[in-house]
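Trainee: What follows is work02.tsv, made up of TSV, C-alpha atoms:
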```tsv
chain	number	residue	atom	x	y	z
A	1	MET	CA	-12.54	-14.42	-2.06
A	2	THR	CA	-9.85	-17.01	-2.79
A	3	LEU	CA	-9.87	-20.74	-2.04
A	4	ARG	CA	-7.21	-23.23	-0.97
A	5	ARG	CA	-7.43	-26.98	-1.26
A	6	GLU	CA	-6.98	-29.03	1.92
A	7	GLU	CA	-7.97	-32.69	2.20
A	8	ASN	CA	-10.61	-32.32	-0.51
A	9	VAL	CA	-12.26	-29.38	1.29
A	10	TRP	CA	-12.35	-25.92	-0.28
A	11	ILE	CA	-11.53	-23.48	2.50
A	12	PRO	CA	-12.52	-19.84	1.90
A	13	GLU	CA	-9.96	-17.15	2.72
A	14	SER	CA	-10.59	-13.40	2.81
A	15	ASP	CA	-8.69	-11.14	0.42
A	16	LEU	CA	-7.67	-8.25	2.72
A	17	GLU	CA	-5.30	-6.39	0.42
A	18	GLY	CA	-5.66	-2.66	1.02
A	19	MET	CA	-8.30	-3.04	3.74
A	20	SER	CA	-8.54	-0.58	6.65
A	21	VAL	CA	-7.50	-1.24	10.23
A	22	ASP	CA	-11.18	-1.56	11.18
A	23	THR	CA	-11.61	-4.46	8.77
A	24	LEU	CA	-8.27	-6.07	9.64
A	25	ALA	CA	-9.27	-6.03	13.32
A	26	VAL	CA	-12.18	-8.31	12.48
A	27	ARG	CA	-10.80	-10.56	9.74
A	28	ALA	CA	-6.99	-10.60	9.53
A	29	GLY	CA	-4.99	-13.62	10.67
A	30	GLN	CA	-7.82	-16.13	10.86
A	31	ILE	CA	-6.70	-19.72	10.37
A	32	ARG	CA	-9.81	-21.54	9.18
A	33	THR	CA	-9.84	-25.34	9.40
A	34	GLY	CA	-11.53	-28.01	7.33
A	35	GLU	CA	-14.59	-27.66	9.56
A	36	LEU	CA	-15.24	-24.29	7.85
A	37	GLU	CA	-15.97	-22.49	11.12
A	38	HIS	CA	-16.92	-18.81	10.89
A	39	SER	CA	-15.55	-17.76	14.28
A	40	ASP	CA	-11.90	-18.17	15.25
A	41	PRO	CA	-11.22	-21.67	16.59
A	42	ILE	CA	-9.22	-22.36	19.73
A	43	PHE	CA	-6.57	-25.07	19.93
A	44	PRO	CA	-6.01	-25.94	23.61
A	45	THR	CA	-3.34	-28.55	22.98
A	46	SER	CA	0.24	-28.79	24.18
A	47	SER	CA	1.53	-30.91	21.28
A	48	PHE	CA	0.71	-32.01	17.74
A	49	VAL	CA	0.88	-35.39	16.00
A	50	TYR	CA	2.56	-36.34	12.72
A	51	GLY	CA	1.79	-38.74	9.96
A	52	SER	CA	5.19	-40.41	10.23
A	53	ALA	CA	8.52	-40.27	12.01
A	54	ALA	CA	9.97	-38.64	8.90
A	55	GLN	CA	7.41	-35.84	9.03
A	56	ALA	CA	8.15	-35.28	12.74
A	57	ALA	CA	11.85	-35.03	11.95
A	58	ALA	CA	11.16	-32.58	9.11
A	59	ARG	CA	9.04	-30.38	11.37
A	60	PHE	CA	11.58	-30.33	14.21
A	61	GLY	CA	14.41	-29.73	11.75
A	62	GLY	CA	12.68	-26.77	10.15
A	63	GLU	CA	12.49	-28.49	6.76
A	64	GLU	CA	8.68	-28.52	6.75
A	65	PRO	CA	6.39	-25.80	8.14
A	66	GLY	CA	3.78	-26.74	10.70
A	67	ASN	CA	2.99	-27.05	14.38
A	68	ILE	CA	5.39	-28.71	16.79
A	69	TYR	CA	4.70	-27.71	20.39
A	70	SER	CA	2.49	-24.95	21.80
A	71	ARG	CA	5.37	-23.28	23.57
A	72	PHE	CA	6.24	-21.76	20.18
A	73	THR	CA	3.72	-23.00	17.58
A	74	ASN	CA	-0.02	-22.91	18.15
A	75	PRO	CA	-2.67	-22.01	15.53
A	76	THR	CA	-4.72	-19.80	17.86
A	77	VAL	CA	-1.67	-17.84	18.94
A	78	GLN	CA	-0.54	-17.57	15.32
A	79	ALA	CA	-3.95	-16.17	14.36
A	80	PHE	CA	-3.61	-13.45	16.99
A	81	GLU	CA	-0.06	-12.71	15.83
A	82	GLY	CA	-1.19	-12.45	12.23
A	83	ARG	CA	-4.03	-10.09	13.07
A	84	ILE	CA	-2.04	-7.63	15.18
A	85	ALA	CA	0.84	-7.65	12.68
A	86	ALA	CA	-1.59	-6.76	9.89
A	87	MET	CA	-3.14	-3.98	11.97
A	88	GLU	CA	0.25	-2.46	12.78
A	89	GLY	CA	1.52	-2.85	9.23
A	90	GLY	CA	4.36	-5.11	10.36
A	91	GLU	CA	5.79	-8.19	8.70
A	92	ARG	CA	5.50	-10.45	11.74
A	93	ALA	CA	4.39	-10.54	15.37
A	94	VAL	CA	5.49	-12.71	18.28
A	95	ALA	CA	3.01	-13.15	21.13
A	96	THR	CA	4.21	-13.49	24.72
A	97	ALA	CA	2.85	-14.27	28.18
A	98	SER	CA	2.61	-10.59	29.22
A	99	GLY	CA	3.55	-7.11	28.15
A	100	MET	CA	6.65	-7.25	30.34
A	101	ALA	CA	7.55	-10.59	28.74
A	102	ALA	CA	7.34	-8.85	25.36
A	103	ILE	CA	9.85	-6.22	26.49
A	104	LEU	CA	12.12	-8.82	28.11
A	105	SER	CA	12.04	-11.07	25.04
A	106	THR	CA	12.93	-8.14	22.79
A	107	CYS	CA	15.87	-7.13	24.96
A	108	MET	CA	17.20	-10.65	25.50
A	109	ALA	CA	16.97	-11.43	21.79
A	110	LEU	CA	18.48	-8.24	20.43
A	111	LEU	CA	20.88	-6.91	23.09
A	112	LYS	CA	24.11	-8.27	24.56
A	113	ALA	CA	26.51	-7.46	27.38
A	114	GLY	CA	28.17	-4.13	26.77
A	115	ASP	CA	25.22	-2.66	24.88
A	116	HIS	CA	23.59	0.58	25.94
A	117	VAL	CA	19.90	1.58	25.94
A	118	VAL	CA	18.44	5.07	26.06
A	119	CYS	CA	14.95	4.97	27.57
A	120	SER	CA	12.43	7.70	28.30
A	121	ARG	CA	11.78	8.38	31.96
A	122	GLY	CA	8.04	8.35	31.43
A	123	VAL	CA	7.64	4.60	31.10
A	124	PHE	CA	5.67	2.12	33.16
A	125	GLY	CA	7.40	1.69	36.52
A	126	THR	CA	8.12	-2.01	36.00
A	127	THR	CA	9.73	-1.25	32.63
A	128	ASN	CA	12.07	1.08	34.47
A	129	VAL	CA	12.90	-1.66	36.98
A	130	LEU	CA	13.48	-4.22	34.22
A	131	PHE	CA	16.09	-2.04	32.54
A	132	GLN	CA	17.63	-0.52	35.67
A	133	LYS	CA	17.88	-3.65	37.80
A	134	TYR	CA	17.62	-6.83	35.75
A	135	MET	CA	19.07	-5.97	32.32
A	136	ALA	CA	21.96	-4.35	34.19
A	137	LYS	CA	22.80	-7.78	35.64
A	138	PHE	CA	23.47	-8.98	32.09
A	139	GLY	CA	25.75	-6.06	31.31
A	140	VAL	CA	23.23	-3.84	29.51
A	141	GLU	CA	23.36	-0.26	30.78
A	142	THR	CA	20.41	2.13	30.48
A	143	SER	CA	20.28	5.92	30.50
A	144	PHE	CA	16.94	7.60	31.23
A	145	VAL	CA	16.06	10.89	29.55
A	146	SER	CA	13.09	13.20	29.05
A	147	LEU	CA	10.71	11.83	26.43
A	148	THR	CA	10.27	15.22	24.80
A	149	ASN	CA	13.75	16.77	25.07
A	150	MET	CA	15.71	15.84	21.93
A	151	ASP	CA	18.88	17.42	23.30
A	152	GLU	CA	18.88	14.91	26.17
A	153	TRP	CA	18.41	12.03	23.71
A	154	THR	CA	21.25	13.22	21.51
A	155	GLN	CA	23.60	13.72	24.43
A	156	ALA	CA	22.77	10.31	25.92
A	157	VAL	CA	23.62	8.32	22.77
A	158	ARG	CA	26.99	6.54	22.86
A	159	PRO	CA	28.90	4.41	20.34
A	160	GLU	CA	27.59	1.31	22.13
A	161	THR	CA	23.94	2.47	22.10
A	162	ARG	CA	21.84	-0.22	20.43
A	163	MET	CA	18.29	0.69	21.41
A	164	LEU	CA	16.06	3.72	21.97
A	165	PHE	CA	12.95	2.74	23.96
A	166	ILE	CA	9.83	4.86	24.52
A	167	GLU	CA	6.16	4.85	25.40
A	168	THR	CA	4.11	7.45	23.56
A	169	PRO	CA	1.86	8.75	24.96
A	170	SER	CA	3.66	8.17	28.24
A	171	ASN	CA	2.35	6.61	31.42
A	172	PRO	CA	0.88	8.43	33.32
A	173	LEU	CA	1.60	12.03	32.20
A	174	CYS	CA	0.51	11.52	28.58
A	175	GLU	CA	3.62	13.14	27.09
A	176	VAL	CA	4.02	12.62	23.34
A	177	ALA	CA	7.33	11.84	21.63
A	178	ASP	CA	8.42	13.06	18.21
A	179	MET	CA	8.79	9.61	16.69
A	180	LYS	CA	10.28	10.73	13.39
A	181	ALA	CA	13.01	12.68	15.16
A	182	LEU	CA	13.84	9.73	17.40
A	183	ALA	CA	13.76	7.33	14.45
A	184	THR	CA	16.31	9.49	12.64
A	185	LEU	CA	18.52	9.58	15.74
A	186	ALA	CA	18.34	5.80	16.04
A	187	GLN	CA	19.14	5.23	12.36
A	188	ASP	CA	22.06	7.65	12.45
A	189	ASN	CA	23.56	5.70	15.36
A	190	ASP	CA	22.85	2.14	14.18
A	191	ALA	CA	20.34	1.61	17.01
A	192	LEU	CA	16.88	0.08	17.10
A	193	PHE	CA	13.91	2.33	17.80
A	194	VAL	CA	11.34	0.50	19.95
A	195	VAL	CA	7.92	2.01	20.69
A	196	ASP	CA	5.45	0.79	23.31
A	197	ASN	CA	2.13	1.51	21.56
A	198	CYS	CA	-0.07	0.31	24.41
A	199	PHE	CA	-1.93	3.57	25.02
A	200	CYS	CA	-2.91	4.26	21.39
A	201	THR	CA	-3.07	0.80	19.76
A	202	PRO	CA	-2.84	0.56	15.94
A	203	VAL	CA	-6.30	2.10	15.71
A	204	LEU	CA	-4.96	5.51	16.77
A	205	GLN	CA	-1.25	5.29	15.96
A	206	ARG	CA	1.03	3.13	13.78
A	207	PRO	CA	4.64	3.75	14.89
A	208	LEU	CA	6.20	1.77	12.03
A	209	GLU	CA	4.92	4.48	9.69
A	210	HIS	CA	6.89	7.04	11.74
A	211	GLY	CA	10.18	5.16	11.60
A	212	ALA	CA	9.95	2.70	14.51
A	213	ASP	CA	11.69	-0.65	14.08
A	214	ILE	CA	9.71	-2.57	16.70
A	215	ILE	CA	6.35	-2.13	18.43
A	216	ILE	CA	5.52	-3.50	21.89
A	217	HIS	CA	2.04	-4.09	23.30
A	218	SER	CA	0.67	-5.21	26.59
A	219	ALA	CA	-2.28	-7.09	25.13
A	220	THR	CA	-3.69	-7.09	28.67
A	221	LYS	CA	-4.80	-3.52	28.13
A	222	TYR	CA	-6.83	-2.24	25.16
A	223	LEU	CA	-6.23	-5.22	22.86
A	224	ASP	CA	-8.27	-7.31	25.29
A	225	GLY	CA	-10.32	-4.38	26.50
A	226	GLN	CA	-12.25	-6.13	29.24
A	227	GLY	CA	-9.60	-7.01	31.80
A	228	ARG	CA	-9.82	-10.75	31.22
A	229	CYS	CA	-6.34	-12.02	30.30
A	230	VAL	CA	-2.65	-11.17	30.54
A	231	GLY	CA	-0.50	-11.17	27.41
A	232	GLY	CA	1.93	-9.22	25.24
A	233	VAL	CA	3.12	-9.01	21.66
A	234	VAL	CA	6.12	-7.74	19.69
A	235	VAL	CA	5.71	-6.54	16.07
A	236	GLY	CA	8.43	-5.83	13.53
A	237	PRO	CA	10.34	-7.02	10.46
A	238	ASN	CA	10.94	-10.72	9.89
A	239	ALA	CA	14.68	-10.57	10.55
A	240	LEU	CA	14.24	-9.07	14.03
A	241	MET	CA	11.19	-11.13	14.90
A	242	ASP	CA	13.07	-14.32	14.02
A	243	GLU	CA	15.42	-13.47	16.88
A	244	VAL	CA	12.59	-12.69	19.29
A	245	TYR	CA	10.83	-15.90	18.28
A	246	GLY	CA	14.05	-17.83	18.85
A	247	PHE	CA	14.26	-16.52	22.40
A	248	LEU	CA	10.62	-17.37	23.05
A	249	ARG	CA	11.11	-20.89	21.66
A	250	SER	CA	14.03	-21.51	24.01
A	251	ALA	CA	13.00	-19.55	27.12
A	252	GLY	CA	9.24	-20.07	26.93
A	253	PRO	CA	7.48	-16.80	27.94
A	254	THR	CA	4.57	-18.08	25.89
A	255	MET	CA	1.02	-16.87	25.36
A	256	SER	CA	-1.60	-19.53	26.03
A	257	PRO	CA	-4.05	-20.52	23.28
A	258	PHE	CA	-6.99	-19.50	25.44
A	259	ASN	CA	-5.59	-16.03	26.06
A	260	ALA	CA	-4.82	-15.64	22.36
A	261	TRP	CA	-8.42	-16.51	21.54
A	262	VAL	CA	-9.69	-13.93	24.04
A	263	PHE	CA	-7.42	-11.30	22.48
A	264	LEU	CA	-8.70	-12.19	19.01
A	265	LYS	CA	-12.22	-11.50	20.22
A	266	GLY	CA	-11.02	-8.25	21.82
A	267	LEU	CA	-9.44	-7.04	18.59
A	268	GLU	CA	-12.75	-7.40	16.76
A	269	THR	CA	-14.23	-4.51	18.77
A	270	LEU	CA	-11.02	-2.51	19.26
A	271	PRO	CA	-11.77	0.25	16.72
A	272	ILE	CA	-15.21	1.11	18.08
A	273	ARG	CA	-14.00	0.85	21.68
A	274	MET	CA	-11.05	3.17	21.09
A	275	ARG	CA	-13.32	5.83	19.61
A	276	ALA	CA	-15.60	5.61	22.64
A	277	HIS	CA	-12.62	5.80	25.03
A	278	CYS	CA	-11.31	8.88	23.20
A	279	ASP	CA	-14.66	10.67	23.23
A	280	ASN	CA	-15.21	10.08	26.94
A	281	ALA	CA	-11.64	10.95	27.91
A	282	LEU	CA	-11.70	14.29	26.10
A	283	GLN	CA	-15.00	15.29	27.69
A	284	LEU	CA	-13.74	14.27	31.11
A	285	ALA	CA	-10.40	16.09	30.66
A	286	LEU	CA	-12.20	19.31	29.71
A	287	TRP	CA	-14.47	18.95	32.75
A	288	LEU	CA	-11.54	18.29	35.08
A	289	GLU	CA	-9.79	21.44	33.87
A	290	GLU	CA	-12.75	23.44	35.22
A	291	GLN	CA	-12.61	21.95	38.73
A	292	PRO	CA	-11.19	24.31	41.40
A	293	ALA	CA	-9.44	21.45	43.25
A	294	VAL	CA	-7.46	20.42	40.15
A	295	ALA	CA	-4.05	22.00	39.66
A	296	GLU	CA	-3.21	20.48	36.26
A	297	VAL	CA	-4.67	17.99	33.77
A	298	PHE	CA	-2.51	15.81	31.50
A	299	TYR	CA	-4.21	14.71	28.28
A	300	ALA	CA	-2.89	15.23	24.75
A	301	GLY	CA	-6.37	16.06	23.46
A	302	LEU	CA	-6.37	19.32	25.39
A	303	GLU	CA	-5.15	22.42	23.59
A	304	SER	CA	-3.25	23.25	26.77
A	305	HIS	CA	-1.11	20.13	26.35
A	306	PRO	CA	2.43	21.06	25.19
A	307	GLN	CA	2.49	18.32	22.52
A	308	HIS	CA	-1.11	18.74	21.37
A	309	GLU	CA	-0.19	19.63	17.78
A	310	LEU	CA	2.38	16.83	17.57
A	311	ALA	CA	-0.20	14.34	18.83
A	312	LYS	CA	-2.63	15.54	16.15
A	313	ARG	CA	-0.01	14.79	13.48
A	314	GLN	CA	0.98	11.36	14.79
A	315	GLN	CA	-2.32	10.06	16.15
A	316	SER	CA	-5.86	9.80	14.85
A	317	GLY	CA	-7.18	10.10	18.42
A	318	PHE	CA	-5.84	10.97	21.86
A	319	GLY	CA	-6.56	7.76	23.75
A	320	GLY	CA	-8.44	6.92	26.92
A	321	VAL	CA	-5.89	7.62	29.66
A	322	LEU	CA	-5.54	10.93	31.48
A	323	SER	CA	-4.03	12.09	34.73
A	324	PHE	CA	-4.30	15.17	36.90
A	325	ARG	CA	-2.73	16.78	39.93
A	326	LEU	CA	-4.93	17.76	42.82
A	327	LYS	CA	-4.21	20.77	44.99
A	328	GLY	CA	-2.76	18.86	47.91
A	329	ASP	CA	-0.64	15.80	48.57
A	330	ARG	CA	-1.05	12.04	49.03
A	331	LYS	CA	-3.70	12.54	51.68
A	332	GLU	CA	-5.93	14.48	49.29
A	333	ALA	CA	-5.26	12.09	46.39
A	334	TRP	CA	-6.22	9.04	48.44
A	335	GLN	CA	-9.23	10.81	49.89
A	336	PHE	CA	-10.40	11.71	46.39
A	337	ILE	CA	-9.95	8.15	45.10
A	338	ASP	CA	-11.63	6.55	48.11
A	339	ALA	CA	-14.71	8.74	47.75
A	340	THR	CA	-15.64	7.30	44.35
A	341	ARG	CA	-18.39	4.67	44.38
A	342	MET	CA	-18.56	3.34	40.79
A	343	ILE	CA	-15.12	3.76	39.24
A	344	SER	CA	-12.84	0.80	39.97
A	345	ILE	CA	-9.79	1.40	42.16
A	346	THR	CA	-7.24	-0.70	40.29
A	347	ALA	CA	-3.95	-0.12	38.51
A	348	ASN	CA	-4.99	-1.86	35.28
A	349	LEU	CA	-5.94	0.27	32.29
A	350	GLY	CA	-7.54	-0.15	28.87
A	351	ASP	CA	-10.72	-1.68	30.27
A	352	VAL	CA	-14.25	-0.76	29.19
A	353	LYS	CA	-14.76	-0.06	32.90
A	354	THR	CA	-13.18	3.18	34.11
A	355	THR	CA	-10.34	2.69	36.57
A	356	ILE	CA	-8.55	5.06	38.93
A	357	THR	CA	-5.20	4.74	40.68
A	358	HIS	CA	-2.49	6.61	42.57
A	359	PRO	CA	0.65	6.06	40.44
A	360	ALA	CA	3.17	7.03	43.13
A	361	THR	CA	2.12	4.08	45.30
A	362	THR	CA	0.98	1.58	42.66
A	363	THR	CA	2.24	1.51	39.06
A	364	HIS	CA	5.39	3.49	39.90
A	365	GLY	CA	5.63	2.52	43.56
A	366	ARG	CA	8.89	0.60	43.15
A	367	LEU	CA	10.77	3.61	41.81
A	368	SER	CA	13.15	5.46	44.09
A	369	PRO	CA	12.05	8.91	45.29
A	370	GLU	CA	14.65	10.42	42.96
A	371	ASP	CA	13.33	8.50	39.93
A	372	LYS	CA	9.74	9.42	40.78
A	373	HIS	CA	10.70	13.08	40.97
A	374	ALA	CA	12.53	12.91	37.64
A	375	ALA	CA	9.53	11.23	36.00
A	376	GLY	CA	7.02	13.72	37.42
A	377	ILE	CA	5.29	11.12	39.60
A	378	THR	CA	4.10	13.33	42.44
A	379	GLU	CA	2.06	12.36	45.49
A	380	ASN	CA	-0.92	14.42	44.33
A	381	LEU	CA	-1.10	12.74	40.90
A	382	VAL	CA	-4.17	10.65	40.03
A	383	ARG	CA	-4.50	8.57	36.86
A	384	ILE	CA	-7.78	7.60	35.23
A	385	SER	CA	-8.23	5.07	32.46
A	386	VAL	CA	-11.53	6.26	31.03
A	387	GLY	CA	-13.97	3.52	30.10
A	388	ILE	CA	-17.04	3.55	27.90
A	389	GLU	CA	-19.70	4.21	30.54
A	390	ALA	CA	-21.92	7.28	30.20
A	391	VAL	CA	-19.59	10.23	30.71
A	392	GLU	CA	-22.15	12.07	32.87
A	393	ASP	CA	-22.13	9.12	35.26
A	394	LEU	CA	-18.33	9.30	35.43
A	395	LYS	CA	-18.55	12.99	36.29
A	396	THR	CA	-21.13	12.23	38.98
A	397	ASP	CA	-18.81	9.68	40.57
A	398	LEU	CA	-15.73	11.90	40.40
A	399	ALA	CA	-17.76	14.76	41.86
A	400	ARG	CA	-17.97	12.65	45.02
A	401	GLY	CA	-14.19	12.91	45.22
A	402	PHE	CA	-14.28	16.69	44.93
A	403	GLN	CA	-17.06	16.85	47.51
A	404	ALA	CA	-14.95	14.76	49.91
A	405	LEU	CA	-12.08	17.24	49.55
A	406	GLN	CA	-14.44	20.10	50.47
A	407	ASN	CA	-15.97	18.21	53.39
A	408	PRO	CA	-13.42	15.70	54.71
A	409	SER	CA	-15.75	14.50	57.47
A	410	ASN	CA	-18.22	13.36	54.79
A	411	GLY	CA	-15.61	11.33	52.88
A	412	ASN	CA	-15.43	7.59	52.54
A	413	VAL	CA	-16.54	5.32	55.34
```
What does the file become when written as structure tokens?

Mentor:
Amino acid sequence: MTLRREENVWIPESDLEGMSVDTLAVRAGQIRTGELEHSDPIFPTSSFVYGSAAQAAARFGGEEPGNIYSRFTNPTVQAFEGRIAAMEGGERAVATASGMAAILSTCMALLKAGDHVVCSRGVFGTTNVLFQKYMAKFGVETSFVSLTNMDEWTQAVRPETRMLFIETPSNPLCEVADMKALATLAQDNDALFVVDNCFCTPVLQRPLEHGADIIIHSATKYLDGQGRCVGGVVVGPNALMDEVYGFLRSAGPTMSPFNAWVFLKGLETLPIRMRAHCDNALQLALWLEEQPAVAEVFYAGLESHPQHELAKRQQSGFGGVLSFRLKGDRKEAWQFIDATRMISITANLGDVKTTITHPATTTHGRLSPEDKHAAGITENLVRISVGIEAVEDLKTDLARGFQALQNPSNGNV
């Protein structure tokens, strides 16, 4: 325990050198005030006052560190940034208003007209739209390739390629990328390697250790864990994060202090939640494989998964999201979903409550039929974000879906 002097008050600070992710999730990044509070404080203020005009000028001019305006400096937000950066093993984090704002801020800060991005097809549908429709308006072209086919990645790289962007595991088919191979490809071509780590979180996977330059999170998902707030965060080296921070300061896709405080509380339980999600998801995936109405189950924890061994090397757990194809089409998928009575029908994921959705008409609904086909988003695909309820109760509820497929007349009312 070390102490710092502030206005004649000795403020205790934790020495976290060499501590595990579990400990960092609880203690890293805390900014304790002179009130000596034990829990993280919240600073719901838009601006900050100064002792003199000279101090205000020094703060605005960057000559003196300190808070200026909550669009880009707020102690609660900074505490969240410090904690997630420590957990990911990064030098700095920049928090944003949403996960999509984190991706947008990264692209706007680090790309320019004429640059080229190579992105995996298996990304969140809105990520696809952001690159394909909106970044294209600013002169940034994107090529989409298979997450797991290195030949496609190599062939897609051009002299003007400046970014490789992936989600691993992917949404919703749970494909797993070889991060070290992609990191080498990026380095050899003077490009940034950006990894969306939303599905695994730093508890299960730390992409910077596998060669990633930047990590993206939708804090809305597992970092919160209870579906309460929307937010995002970018993690990486100081030099790159200075650029992302500069964009956020000017453009303002800012995380609110309240949301940052909620995320801080979520991080405290992240390690134990992720283990519970993983345990339930694996049991459920194994059970789904045995169901006659299921054609295929997608979950990296299954030995049948094509990247199972790779996932074991890169991850300490397989996550809480799985998907499966029913024997049928949209009609059967909707009928199955509608027959559940406990599981929540919603497109959000990472919640302690299990959720179920039909990706082709929700999360990936804005993709063209051609893009859906290329990404494997079929009409009979169902995605489940497995929560921490009793797994036998989840099976009981999903069994209602299978029963409805056997007896359509006894389906949902």

Trainee: Atom CA of His210 of chain A to atom CA of Lys180 of chain A: how many Å, to one decimal?

Mentor: 5.3 Å

Trainee: Between atom CA of Ala339 of chain A and atom CA of Pro408 of chain A, what is the distance in Å, rounded to a tenth?

Mentor: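 Pair atom CA of Ala339 of chain A / atom CA of Pro408 of chain A returns 9.9 Å.
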
Trainee: Record the distance separating atom CA of Gly125 of chain A and atom CA of Pro169 of chain A, expressed in Å with one decimal.

Mentor: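 Computing it gives 14.6 Å between the two atoms.
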
Trainee: Show me, as a ChimeraX atom specification, the residues that have an atom within 10 Å of segment 149-159 of chain A when counting only C-alpha atoms, minus same-chain residues fewer than 2 positions from it.

Mentor: /A:115-120,142-147,161-164,177-178,181-182,185-186,189-191

Trainee: With C-alpha atoms kept, could you save the residues just selected as a PDB file, in the frame of the given file?

Mentor:
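Final output, again.pdb:
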```pdb
ATOM      1  CA  ASP A 115      25.220  -2.660  24.880  1.00  0.00           C
ATOM      2  CA  HIS A 116      23.590   0.580  25.940  1.00  0.00           C
ATOM      3  CA  VAL A 117      19.900   1.580  25.940  1.00  0.00           C
ATOM      4  CA  VAL A 118      18.440   5.070  26.060  1.00  0.00           C
ATOM      5  CA  CYS A 119      14.950   4.970  27.570  1.00  0.00           C
ATOM      6  CA  SER A 120      12.430   7.700  28.300  1.00  0.00           C
ATOM      7  CA  THR A 142      20.410   2.130  30.480  1.00  0.00           C
ATOM      8  CA  SER A 143      20.280   5.920  30.500  1.00  0.00           C
ATOM      9  CA  PHE A 144      16.940   7.600  31.230  1.00  0.00           C
ATOM     10  CA  VAL A 145      16.060  10.890  29.550  1.00  0.00           C
ATOM     11  CA  SER A 146      13.090  13.200  29.050  1.00  0.00           C
ATOM     12  CA  LEU A 147      10.710  11.830  26.430  1.00  0.00           C
ATOM     13  CA  THR A 161      23.940   2.470  22.100  1.00  0.00           C
ATOM     14  CA  ARG A 162      21.840  -0.220  20.430  1.00  0.00           C
ATOM     15  CA  MET A 163      18.290   0.690  21.410  1.00  0.00           C
ATOM     16  CA  LEU A 164      16.060   3.720  21.970  1.00  0.00           C
ATOM     17  CA  ALA A 177       7.330  11.840  21.630  1.00  0.00           C
ATOM     18  CA  ASP A 178       8.420  13.060  18.210  1.00  0.00           C
ATOM     19  CA  ALA A 181      13.010  12.680  15.160  1.00  0.00           C
ATOM     20  CA  LEU A 182      13.840   9.730  17.400  1.00  0.00           C
ATOM     21  CA  LEU A 185      18.520   9.580  15.740  1.00  0.00           C
ATOM     22  CA  ALA A 186      18.340   5.800  16.040  1.00  0.00           C
ATOM     23  CA  ASN A 189      23.560   5.700  15.360  1.00  0.00           C
ATOM     24  CA  ASP A 190      22.850   2.140  14.180  1.00  0.00           C
ATOM     25  CA  ALA A 191      20.340   1.610  17.010  1.00  0.00           C
TER      26      ALA A 191
END
```

Trainee: Counting all atoms listed in the file, which residue out of A:Leu282, A:Cys200, A:Ala93, A:Val230 sits closest to Ala260 of chain A?

Mentor: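 Ranking A:Leu282, A:Cys200, A:Ala93, A:Val230 by distance to Ala260 of chain A, first place goes to A:Val230.
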
Trainee: Considering all atoms listed in the file, state which residue in the set A:Asp397, A:Leu223, A:Pro271, A:Pro172 is at the smallest distance from Ile384 of chain A.

Mentor: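 With all atoms listed in the file as the atom set, the closest residue is A:Pro172.
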
Trainee: Kindly list the centre and edge lengths in Å, rounded to one decimal, for the axis-aligned box that covers all listed atoms of segment 205-222 of chain A plus 4 Å on each of its six sides, as JSON.

Mentor:
```
{"center_x": 2.4, "center_y": 0.0, "center_z": 19.2, "size_x": 26.5, "size_y": 22.1, "size_z": 27.0}
```

Trainee: Between A:Thr363, A:Asn407, A:Ser218, A:Thr168, which residue has the minimum interatomic distance to Phe124 of chain A, considering all atoms listed in the file?

Mentor: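 Residue with the minimum atom-to-atom distance to Phe124 of chain A: A:Thr363.
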
Trainee: Calculated over all atoms listed in the file, which of the candidates A:Ala295, A:Glu91, A:Val140, A:Leu302 has the smallest distance to Ile214 of chain A?

Mentor: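 Using all atoms listed in the file, the shortest distance to Ile214 of chain A belongs to A:Glu91.
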
Trainee: Near Thr354 of chain A, within 8 Å and counting only C-alpha atoms, which residues show up once chain neighbours fewer than 6 positions away are dropped, as number ranges by chain?

Mentor: A: 343-344, 384-389

Trainee: Find the residue from A:Leu322, A:Ile103, A:Ile11, A:Val21 that sits nearest to Thr33 of chain A; use all atoms listed in the file when measuring.

Mentor: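 For Thr33 of chain A, the nearest of the candidates is A:Ile11.
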
Trainee: Give me, as a Markdown table, the closest atom pair and its distance (Å, one decimal) for every residue of segment 200-231 of chain A within a cut-off of 6 Å of segment 349-353 of chain A, counting all atoms listed in the file, rows sorted by chain and rising number.

Mentor:
```
| residue | atom | partner | partner_atom | distance |
| --- | --- | --- | --- | --- |
| A:Lys221 | CA | A:Gly350 | CA | 4.4 |
| A:Tyr222 | CA | A:Gly350 | CA | 4.3 |
| A:Gly225 | CA | A:Asp351 | CA | 4.7 |
| A:Gln226 | CA | A:Asp351 | CA | 4.8 |
| A:Gly227 | CA | A:Asp351 | CA | 5.7 |
```

Trainee: Using only C-alpha atoms, which residue out of A:Glu296, A:Glu35, A:Glu160, A:Glu167 lies closest to Asn128 of chain A?

Mentor: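 The shortest atom-to-atom distance to Asn128 of chain A comes from A:Glu167.
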
Trainee: Can you pull out the residues contacting Glu175 of chain A? Cut-off 10 Å, using all atoms listed in the file, and skip same-chain residues under 4 positions away; I want them as a compact mmCIF listing (two decimals) with C-alpha atoms, in the frame of the given file.

Mentor:
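Saved as out_0.txt:
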```
# COMPACT_ATOMS: atom_id res chain seq x y z
CA GLY A 122 8.04 8.35 31.43
CA SER A 146 13.09 13.20 29.05
CA LEU A 147 10.71 11.83 26.43
CA THR A 148 10.27 15.22 24.80
CA GLU A 167 6.16 4.85 25.40
CA THR A 168 4.11 7.45 23.56
CA PRO A 169 1.86 8.75 24.96
CA SER A 170 3.66 8.17 28.24
CA ASN A 171 2.35 6.61 31.42
CA PHE A 298 -2.51 15.81 31.50
CA TYR A 299 -4.21 14.71 28.28
CA ALA A 300 -2.89 15.23 24.75
CA HIS A 305 -1.11 20.13 26.35
CA PRO A 306 2.43 21.06 25.19
CA GLN A 307 2.49 18.32 22.52
CA HIS A 308 -1.11 18.74 21.37
CA ALA A 311 -0.20 14.34 18.83
```
